[in-house]
Amino acid sequence: MHIARTIASRITATQPLMSPADLRAEIPLPASVADRVEHARHTIARVLRGEEDRLVVVAGPCSVHDPVAALAYAEKLAAVAARFAGSLQIVMRVYVEKPRTRLGWKGLVSDPLLDGSEDLPAGLRAARRTMIDVLGTGLPVGCEFLDPAVARYLSDVVSWGSVGARTVQSQPHRQLTSGLPMPVGFKNSTGGNVADSIDAIVAAGRGHAFPGLSDDGRGAVLRTAGNPDCHVVLRGGSDGPNYDPVHVARAVHQLRAADLPPALFVDASHGNCGKDHERQSKVVEDLALRIADGENGIAGVMIESFLAEGRQDLSPGQNHRLTFGQSVTDACVGWERTEHLIELLADAVSTRRSAYDLAMAG
Ligand SMILES: O=C[C@H](O)[C@H](O)COP(=O)(O)O
Ligand SMILES: C=C(OP(=O)(O)O)C(=O)O
């Protein structure tokens, strides 16, 4: 009697949820694409260690709200990825969980019908199916890991992960990352602090023991090995952008001082574009010039991009009127602009490679 009153007073309902193993059995990762997941993980890790001169490009919508539009985008991006495979390792952003500053739609996993019905089992199914469909186009998948429990349902299909600016200081996220099987980027915090990401990389690099979910969906102590493939993602902050050469050099110096590989990703969106999608182009153009010039440290670039540029508001009851392929969270660059920016980055890598080859030959 006392127990019921003191424990459950603010939990209004509980609902059964399939286990991670059940979801994997229901929506298995086809053997034909499992190699793709692994191969991209290795490539990204090699780029971060400086063992490959390609550049990683993580491109895609701020969030997936319509799996059909996400797949239409994936088909276009896969063609571009194949075209520039010699210079770029392209990964598609398939972001199915959204961290909110205050309130708002929390992503496909939380609310797949976009109407506040919060059908999480359907959301997990839709997210996993979408990721596997994207893999089927030839692209590896990247996402933000937000809820540690959700990661247990999806991480086997993901090649690159992110811990976001709002959770980089969170111990549960660092512990989660220590057991993830792919390279993970820690964003700088929303205030612009890069030291938080470096603390996170060090913490996630070690093994931990923490409470979590077993494969069969029961409470379990998870013991992890530590993740050696973590890195910083410079995304700008409330103190301004941080993609310029001085901020990059300072972050690389901080990495070296912590005995970490001197390589990071730059996010052209968020604090680096002041959430103005058009300014992402300026950021990428600037990065491309600097990469072509041989600037060290930049291993990857993130672009928030979708079929249609800009963004739109969700409006429950009116969602059938949404513009196809346009973001319902942060504004994105449109498809044509995306293709152009990716081409600039591929050219930059080729220029850098030719200059290096020439220097070696001379
Ligand atoms: O990447 C997306 C957003 O920047 C992030 O989810 C925060 O969004 P909000 O400030 O609109 O809640
Ligand atoms: C939420 C995101 O980024 P950040 O954590 O940098 O705000 C994102 O990349 O979708």
# chains A, B, ... in the order shown; residues from 1 in each chain; ligands from 1

$ closest_atom_pairs --of "chain A" --to "ligand 1" --cutoff "12 Å" --atoms "only C-alpha atoms and all ligand atoms" --output "Markdown table"
| residue | atom | partner | partner_atom_place_in_ligand_line | distance |
| --- | --- | --- | --- | --- |
| A:Gly60 | CA | ligand 1 | 1 (O) | 11.4 |
| A:Pro61 | CA | ligand 1 | 1 (O) | 9.3 |
| A:Cys62 | CA | ligand 1 | 1 (O) | 5.6 |
| A:Ser63 | CA | ligand 1 | 2 (C) | 7.5 |
| A:Val64 | CA | ligand 1 | 2 (C) | 11.3 |
| A:Arg93 | CA | ligand 1 | 1 (O) | 11.1 |
| A:Val94 | CA | ligand 1 | 1 (O) | 12.0 |
| A:Tyr95 | CA | ligand 1 | 1 (O) | 9.0 |
| A:Val96 | CA | ligand 1 | 6 (O) | 10.7 |
| A:Glu97 | CA | ligand 1 | 6 (O) | 8.5 |
| A:Lys98 | CA | ligand 1 | 6 (O) | 4.8 |
| A:Pro99 | CA | ligand 1 | 6 (O) | 4.5 |
| A:Arg100 | CA | ligand 1 | 12 (O) | 3.4 |
| A:Thr101 | CA | ligand 1 | 12 (O) | 3.9 |
| A:Arg102 | CA | ligand 1 | 12 (O) | 5.6 |
| A:Leu103 | CA | ligand 1 | 12 (O) | 6.1 |
| A:Gly104 | CA | ligand 1 | 12 (O) | 6.1 |
| A:Trp105 | CA | ligand 1 | 12 (O) | 8.4 |
| A:Lys106 | CA | ligand 1 | 6 (O) | 7.9 |
| A:Gly107 | CA | ligand 1 | 6 (O) | 9.0 |
| A:Cys143 | CA | ligand 1 | 1 (O) | 11.2 |
| A:Glu144 | CA | ligand 1 | 1 (O) | 9.6 |
| A:Leu146 | CA | ligand 1 | 6 (O) | 10.5 |
| A:Ser162 | CA | ligand 1 | 1 (O) | 11.5 |
| A:Val163 | CA | ligand 1 | 1 (O) | 11.6 |
| A:Gly164 | CA | ligand 1 | 1 (O) | 8.6 |
| A:Ala165 | CA | ligand 1 | 5 (C) | 8.9 |
| A:Arg166 | CA | ligand 1 | 7 (C) | 8.5 |
| A:Thr167 | CA | ligand 1 | 5 (C) | 11.4 |
| A:Lys187 | CA | ligand 1 | 1 (O) | 11.4 |
| A:Thr190 | CA | ligand 1 | 4 (O) | 9.8 |
| A:Arg235 | CA | ligand 1 | 4 (O) | 10.4 |
| A:Gly236 | CA | ligand 1 | 4 (O) | 11.6 |
| A:Gly237 | CA | ligand 1 | 4 (O) | 11.0 |
| A:Asp267 | CA | ligand 1 | 1 (O) | 10.8 |
| A:Ala268 | CA | ligand 1 | 1 (O) | 11.7 |
| A:Ser269 | CA | ligand 1 | 1 (O) | 8.4 |
| A:His270 | CA | ligand 1 | 4 (O) | 6.0 |
| A:Gly271 | CA | ligand 1 | 4 (O) | 8.7 |
| A:Asn272 | CA | ligand 1 | 4 (O) | 11.4 |
| A:Cys273 | CA | ligand 1 | 4 (O) | 11.2 |
| A:Gly274 | CA | ligand 1 | 4 (O) | 10.1 |
| A:Lys275 | CA | ligand 1 | 4 (O) | 7.7 |
| A:Asp276 | CA | ligand 1 | 4 (O) | 11.2 |
| A:His277 | CA | ligand 1 | 4 (O) | 11.6 |
| A:Met302 | CA | ligand 1 | 1 (O) | 11.7 |
| A:Ile303 | CA | ligand 1 | 1 (O) | 11.1 |
| A:Glu304 | CA | ligand 1 | 1 (O) | 8.6 |
| A:Ser305 | CA | ligand 1 | 1 (O) | 11.6 |
| A:Arg311 | CA | ligand 1 | 11 (O) | 11.4 |
| A:Gln312 | CA | ligand 1 | 11 (O) | 11.9 |
| A:Asp313 | CA | ligand 1 | 11 (O) | 10.8 |
| A:Ser327 | CA | ligand 1 | 2 (C) | 10.1 |
| A:Val328 | CA | ligand 1 | 2 (C) | 9.7 |
| A:Thr329 | CA | ligand 1 | 2 (C) | 6.0 |
| A:Asp330 | CA | ligand 1 | 2 (C) | 5.3 |
| A:Ala331 | CA | ligand 1 | 2 (C) | 8.9 |
| A:Cys332 | CA | ligand 1 | 1 (O) | 10.1 |

$ write_last_selection --atoms "C-alpha atoms" --output "compact mmCIF listing (two decimals), in the first residue's frame"
# COMPACT_ATOMS: atom_id res chain seq x y z
CA GLY A 60 20.98 14.56 -44.22
CA PRO A 61 17.90 16.03 -42.63
CA CYS A 62 17.86 17.52 -39.17
CA SER A 63 15.30 14.83 -38.36
CA VAL A 64 13.46 12.06 -40.17
CA ARG A 93 22.08 11.59 -41.05
CA VAL A 94 19.14 9.39 -40.08
CA TYR A 95 18.23 11.26 -36.91
CA VAL A 96 15.27 9.59 -35.22
CA GLU A 97 15.55 11.14 -31.75
CA LYS A 98 15.60 14.92 -31.22
CA PRO A 99 16.83 16.66 -28.07
CA ARG A 100 14.71 19.77 -27.46
CA THR A 101 15.79 22.97 -25.78
CA ARG A 102 12.43 23.11 -24.05
CA LEU A 103 9.55 21.28 -25.69
CA GLY A 104 8.68 20.16 -29.21
CA TRP A 105 8.36 17.05 -31.37
CA LYS A 106 10.97 14.58 -30.06
CA GLY A 107 11.49 12.60 -33.24
CA CYS A 143 22.40 9.25 -35.83
CA GLU A 144 22.39 10.97 -32.48
CA LEU A 146 19.78 10.41 -27.09
CA SER A 162 26.78 11.52 -32.14
CA VAL A 163 26.23 12.70 -28.61
CA GLY A 164 24.66 16.13 -28.84
CA ALA A 165 25.50 19.51 -27.38
CA ARG A 166 22.79 19.17 -24.73
CA THR A 167 24.04 15.81 -23.42
CA LYS A 187 29.49 17.97 -29.95
CA THR A 190 25.61 24.68 -26.41
CA ARG A 235 29.14 23.01 -33.83
CA GLY A 236 29.50 26.59 -32.60
CA GLY A 237 27.63 27.83 -29.56
CA ASP A 267 29.23 20.84 -38.12
CA ALA A 268 28.27 23.53 -40.64
CA SER A 269 24.84 23.88 -39.05
CA HIS A 270 23.60 24.74 -35.54
CA GLY A 271 25.78 27.36 -33.78
CA ASN A 272 28.09 27.56 -36.80
CA CYS A 273 25.35 28.94 -39.04
CA GLY A 274 23.26 30.59 -36.33
CA LYS A 275 20.46 28.22 -37.44
CA ASP A 276 20.29 30.10 -40.76
CA HIS A 277 20.54 27.26 -43.31
CA MET A 302 28.37 17.74 -41.18
CA ILE A 303 25.67 19.33 -43.33
CA GLU A 304 21.96 19.53 -42.45
CA SER A 305 20.31 18.97 -45.79
CA ARG A 311 11.88 24.27 -42.60
CA GLN A 312 8.17 24.07 -41.78
CA ASP A 313 6.10 23.75 -38.62
CA SER A 327 12.55 19.62 -42.37
CA VAL A 328 10.12 19.94 -39.46
CA THR A 329 12.95 20.78 -37.03
CA ASP A 330 15.99 22.92 -37.99
CA ALA A 331 16.16 24.48 -41.46
CA CYS A 332 18.22 22.53 -44.01

$ residues_around --residues "Ile90 in chain A" --least-positions-apart "6" --cutoff "7 Å" --atoms "only C-alpha atoms" --output "list in words"
Val56, Val57, Val58 and Ala81 of chain A

$ write_last_selection --atoms "N, CA and C atoms" --output "mmCIF file, in the first residue's frame"
data_model
loop_
_atom_site.group_PDB
_atom_site.id
_atom_site.type_symbol
_atom_site.label_atom_id
_atom_site.label_comp_id
_atom_site.auth_asym_id
_atom_site.auth_seq_id
_atom_site.Cartn_x
_atom_site.Cartn_y
_atom_site.Cartn_z
ATOM 1 N N VAL A 56 35.246 12.552 -44.182
ATOM 2 C CA VAL A 56 33.911 12.031 -43.870
ATOM 3 C C VAL A 56 32.910 13.175 -44.029
ATOM 4 N N VAL A 57 31.812 12.919 -44.700
ATOM 5 C CA VAL A 57 30.744 13.919 -44.808
ATOM 6 C C VAL A 57 29.468 13.289 -44.256
ATOM 7 N N VAL A 58 28.921 13.913 -43.214
ATOM 8 C CA VAL A 58 27.670 13.426 -42.619
ATOM 9 C C VAL A 58 26.578 14.393 -43.064
ATOM 10 N N ALA A 81 27.352 9.781 -53.343
ATOM 11 C CA ALA A 81 28.373 9.094 -52.536
ATOM 12 C C ALA A 81 29.202 8.159 -53.413
#

$ residues_around --residues "Ile44 in chain A" --least-positions-apart "2" --cutoff "10 Å" --atoms "only C-alpha atoms" --output "ChimeraX atom specification"
/A:39-42,46-52,54-57,89-91,159-160,182-184,229,299-300

$ write_last_selection --atoms "N, CA and C atoms" --output "PDB file, in the first residue's frame"
ATOM      1  N   HIS A  39      32.146  -1.780 -42.561  1.00  0.00           N
ATOM      2  CA  HIS A  39      33.173  -1.185 -43.407  1.00  0.00           C
ATOM      3  C   HIS A  39      33.235   0.326 -43.164  1.00  0.00           C
ATOM      4  N   ALA A  40      32.058   0.967 -43.090  1.00  0.00           N
ATOM      5  CA  ALA A  40      32.043   2.422 -42.873  1.00  0.00           C
ATOM      6  C   ALA A  40      32.589   2.753 -41.486  1.00  0.00           C
ATOM      7  N   ARG A  41      32.266   1.944 -40.485  1.00  0.00           N
ATOM      8  CA  ARG A  41      32.821   2.196 -39.140  1.00  0.00           C
ATOM      9  C   ARG A  41      34.347   2.206 -39.194  1.00  0.00           C
ATOM     10  N   HIS A  42      34.911   1.207 -39.888  1.00  0.00           N
ATOM     11  CA  HIS A  42      36.385   1.120 -39.974  1.00  0.00           C
ATOM     12  C   HIS A  42      36.956   2.295 -40.742  1.00  0.00           C
ATOM     13  N   ARG A  46      39.580   5.028 -39.397  1.00  0.00           N
ATOM     14  CA  ARG A  46      40.887   5.206 -40.058  1.00  0.00           C
ATOM     15  C   ARG A  46      41.105   6.679 -40.440  1.00  0.00           C
ATOM     16  N   VAL A  47      40.060   7.344 -40.902  1.00  0.00           N
ATOM     17  CA  VAL A  47      40.179   8.777 -41.234  1.00  0.00           C
ATOM     18  C   VAL A  47      40.539   9.551 -39.961  1.00  0.00           C
ATOM     19  N   LEU A  48      39.883   9.219 -38.858  1.00  0.00           N
ATOM     20  CA  LEU A  48      40.157   9.931 -37.597  1.00  0.00           C
ATOM     21  C   LEU A  48      41.590   9.705 -37.123  1.00  0.00           C
ATOM     22  N   ARG A  49      42.118   8.533 -37.400  1.00  0.00           N
ATOM     23  CA  ARG A  49      43.507   8.232 -36.984  1.00  0.00           C
ATOM     24  C   ARG A  49      44.528   8.752 -37.989  1.00  0.00           C
ATOM     25  N   GLY A  50      44.064   9.341 -39.096  1.00  0.00           N
ATOM     26  CA  GLY A  50      44.994   9.860 -40.105  1.00  0.00           C
ATOM     27  C   GLY A  50      45.551   8.767 -41.000  1.00  0.00           C
ATOM     28  N   GLU A  51      44.898   7.611 -41.050  1.00  0.00           N
ATOM     29  CA  GLU A  51      45.393   6.508 -41.882  1.00  0.00           C
ATOM     30  C   GLU A  51      44.775   6.530 -43.289  1.00  0.00           C
ATOM     31  N   GLU A  52      43.837   7.447 -43.504  1.00  0.00           N
ATOM     32  CA  GLU A  52      43.159   7.621 -44.816  1.00  0.00           C
ATOM     33  C   GLU A  52      43.081   9.099 -45.074  1.00  0.00           C
ATOM     34  N   ARG A  54      40.811  10.472 -47.029  1.00  0.00           N
ATOM     35  CA  ARG A  54      39.464  10.890 -47.428  1.00  0.00           C
ATOM     36  C   ARG A  54      38.848  11.763 -46.318  1.00  0.00           C
ATOM     37  N   LEU A  55      37.739  12.411 -46.659  1.00  0.00           N
ATOM     38  CA  LEU A  55      37.021  13.239 -45.695  1.00  0.00           C
ATOM     39  C   LEU A  55      35.677  12.561 -45.434  1.00  0.00           C
ATOM     40  N   VAL A  56      35.246  12.552 -44.182  1.00  0.00           N
ATOM     41  CA  VAL A  56      33.911  12.031 -43.870  1.00  0.00           C
ATOM     42  C   VAL A  56      32.910  13.175 -44.029  1.00  0.00           C
ATOM     43  N   VAL A  57      31.812  12.919 -44.700  1.00  0.00           N
ATOM     44  CA  VAL A  57      30.744  13.919 -44.808  1.00  0.00           C
ATOM     45  C   VAL A  57      29.468  13.289 -44.256  1.00  0.00           C
ATOM     46  N   GLN A  89      33.947   9.770 -47.663  1.00  0.00           N
ATOM     47  CA  GLN A  89      33.110   8.720 -47.075  1.00  0.00           C
ATOM     48  C   GLN A  89      31.828   9.420 -46.625  1.00  0.00           C
ATOM     49  N   ILE A  90      30.781   9.254 -47.401  1.00  0.00           N
ATOM     50  CA  ILE A  90      29.528   9.934 -47.057  1.00  0.00           C
ATOM     51  C   ILE A  90      28.671   9.039 -46.162  1.00  0.00           C
ATOM     52  N   VAL A  91      28.115   9.655 -45.124  1.00  0.00           N
ATOM     53  CA  VAL A  91      27.226   8.970 -44.175  1.00  0.00           C
ATOM     54  C   VAL A  91      25.930   9.767 -44.160  1.00  0.00           C
ATOM     55  N   SER A 159      26.657   3.327 -38.323  1.00  0.00           N
ATOM     56  CA  SER A 159      28.113   3.355 -38.542  1.00  0.00           C
ATOM     57  C   SER A 159      28.793   4.546 -37.878  1.00  0.00           C
ATOM     58  N   TRP A 160      28.041   5.604 -37.627  1.00  0.00           N
ATOM     59  CA  TRP A 160      28.611   6.776 -36.942  1.00  0.00           C
ATOM     60  C   TRP A 160      27.558   7.319 -35.986  1.00  0.00           C
ATOM     61  N   MET A 182      30.717   1.834 -32.769  1.00  0.00           N
ATOM     62  CA  MET A 182      31.067   2.685 -33.921  1.00  0.00           C
ATOM     63  C   MET A 182      31.763   3.960 -33.423  1.00  0.00           C
ATOM     64  N   PRO A 183      32.449   4.696 -34.325  1.00  0.00           N
ATOM     65  CA  PRO A 183      32.985   5.999 -33.928  1.00  0.00           C
ATOM     66  C   PRO A 183      31.846   6.927 -33.509  1.00  0.00           C
ATOM     67  N   VAL A 184      32.106   7.717 -32.472  1.00  0.00           N
ATOM     68  CA  VAL A 184      31.079   8.634 -31.953  1.00  0.00           C
ATOM     69  C   VAL A 184      31.670  10.033 -31.811  1.00  0.00           C
ATOM     70  N   ASP A 229      37.282   5.280 -30.536  1.00  0.00           N
ATOM     71  CA  ASP A 229      37.056   6.015 -31.798  1.00  0.00           C
ATOM     72  C   ASP A 229      36.148   7.226 -31.611  1.00  0.00           C
ATOM     73  N   ALA A 299      38.626  16.148 -40.089  1.00  0.00           N
ATOM     74  CA  ALA A 299      38.424  14.789 -40.618  1.00  0.00           C
ATOM     75  C   ALA A 299      37.022  14.603 -41.174  1.00  0.00           C
ATOM     76  N   GLY A 300      36.100  15.482 -40.769  1.00  0.00           N
ATOM     77  CA  GLY A 300      34.721  15.310 -41.222  1.00  0.00           C
ATOM     78  C   GLY A 300      33.948  16.615 -41.202  1.00  0.00           C
TER      79      GLY A 300
END

$ closest_residue --among "A:Met131, A:Leu77, A:Ala225, A:Ala220" --to "Phe306 in chain A" --atoms "only C-alpha atoms"
A:Leu77

$ select_by_dssp --residues "range 175-234 of chain A" --states "strand (DSSP E)" --output "list of chain:residue names"
A:Val184, A:Gly185, A:Phe186, A:Lys187, A:Ala209, A:Phe210, A:Pro211, A:Gly212, A:Leu213, A:Gly219, A:Ala220, A:Val221, A:Leu222, A:Arg223, A:Cys230, A:His231, A:Val232, A:Val233, A:Leu234

$ residues_around --residues "Arg353 in chain A" --least-positions-apart "5" --cutoff "12 Å" --atoms "only C-alpha atoms" --output "number ranges by chain"
A: 52-55, 86-87, 291-294, 346-348, 358-360

$ closest_residue --among "A:Ile7, A:Leu29, A:Val266, A:Leu213" --to "ligand 2" --atoms "only C-alpha atoms and all ligand atoms"
A:Val266

$ closest_residue --among "A:Leu345, A:Val194, A:Glu278, A:Val284" --to "ligand 2" --atoms "only C-alpha atoms and all ligand atoms"
A:Val194

$ closest_residue --among "A:Thr137, A:Asn188, A:Ser178, A:Gln280" --to "ligand 2" --atoms "only C-alpha atoms and all ligand atoms"
A:Asn188

$ select_by_dssp --residues "range 208-265 of chain A" --states "helix (DSSP H, G or I)" --output "list in words"
Pro245, Val246, His247, Val248, Ala249, Arg250, Ala251, Val252, His253, Gln254, Leu255, Arg256 and Ala257 of chain A

$ closest_residue --among "A:Val150, A:Ala85, A:Val248, A:Ile342" --to "Ser110 in chain A" --atoms "only C-alpha atoms"
A:Val150

$ atom_distance --atom1 "CA of Val68 in chain A" --atom2 "CA of Ala126 in chain A"
10.8 Å
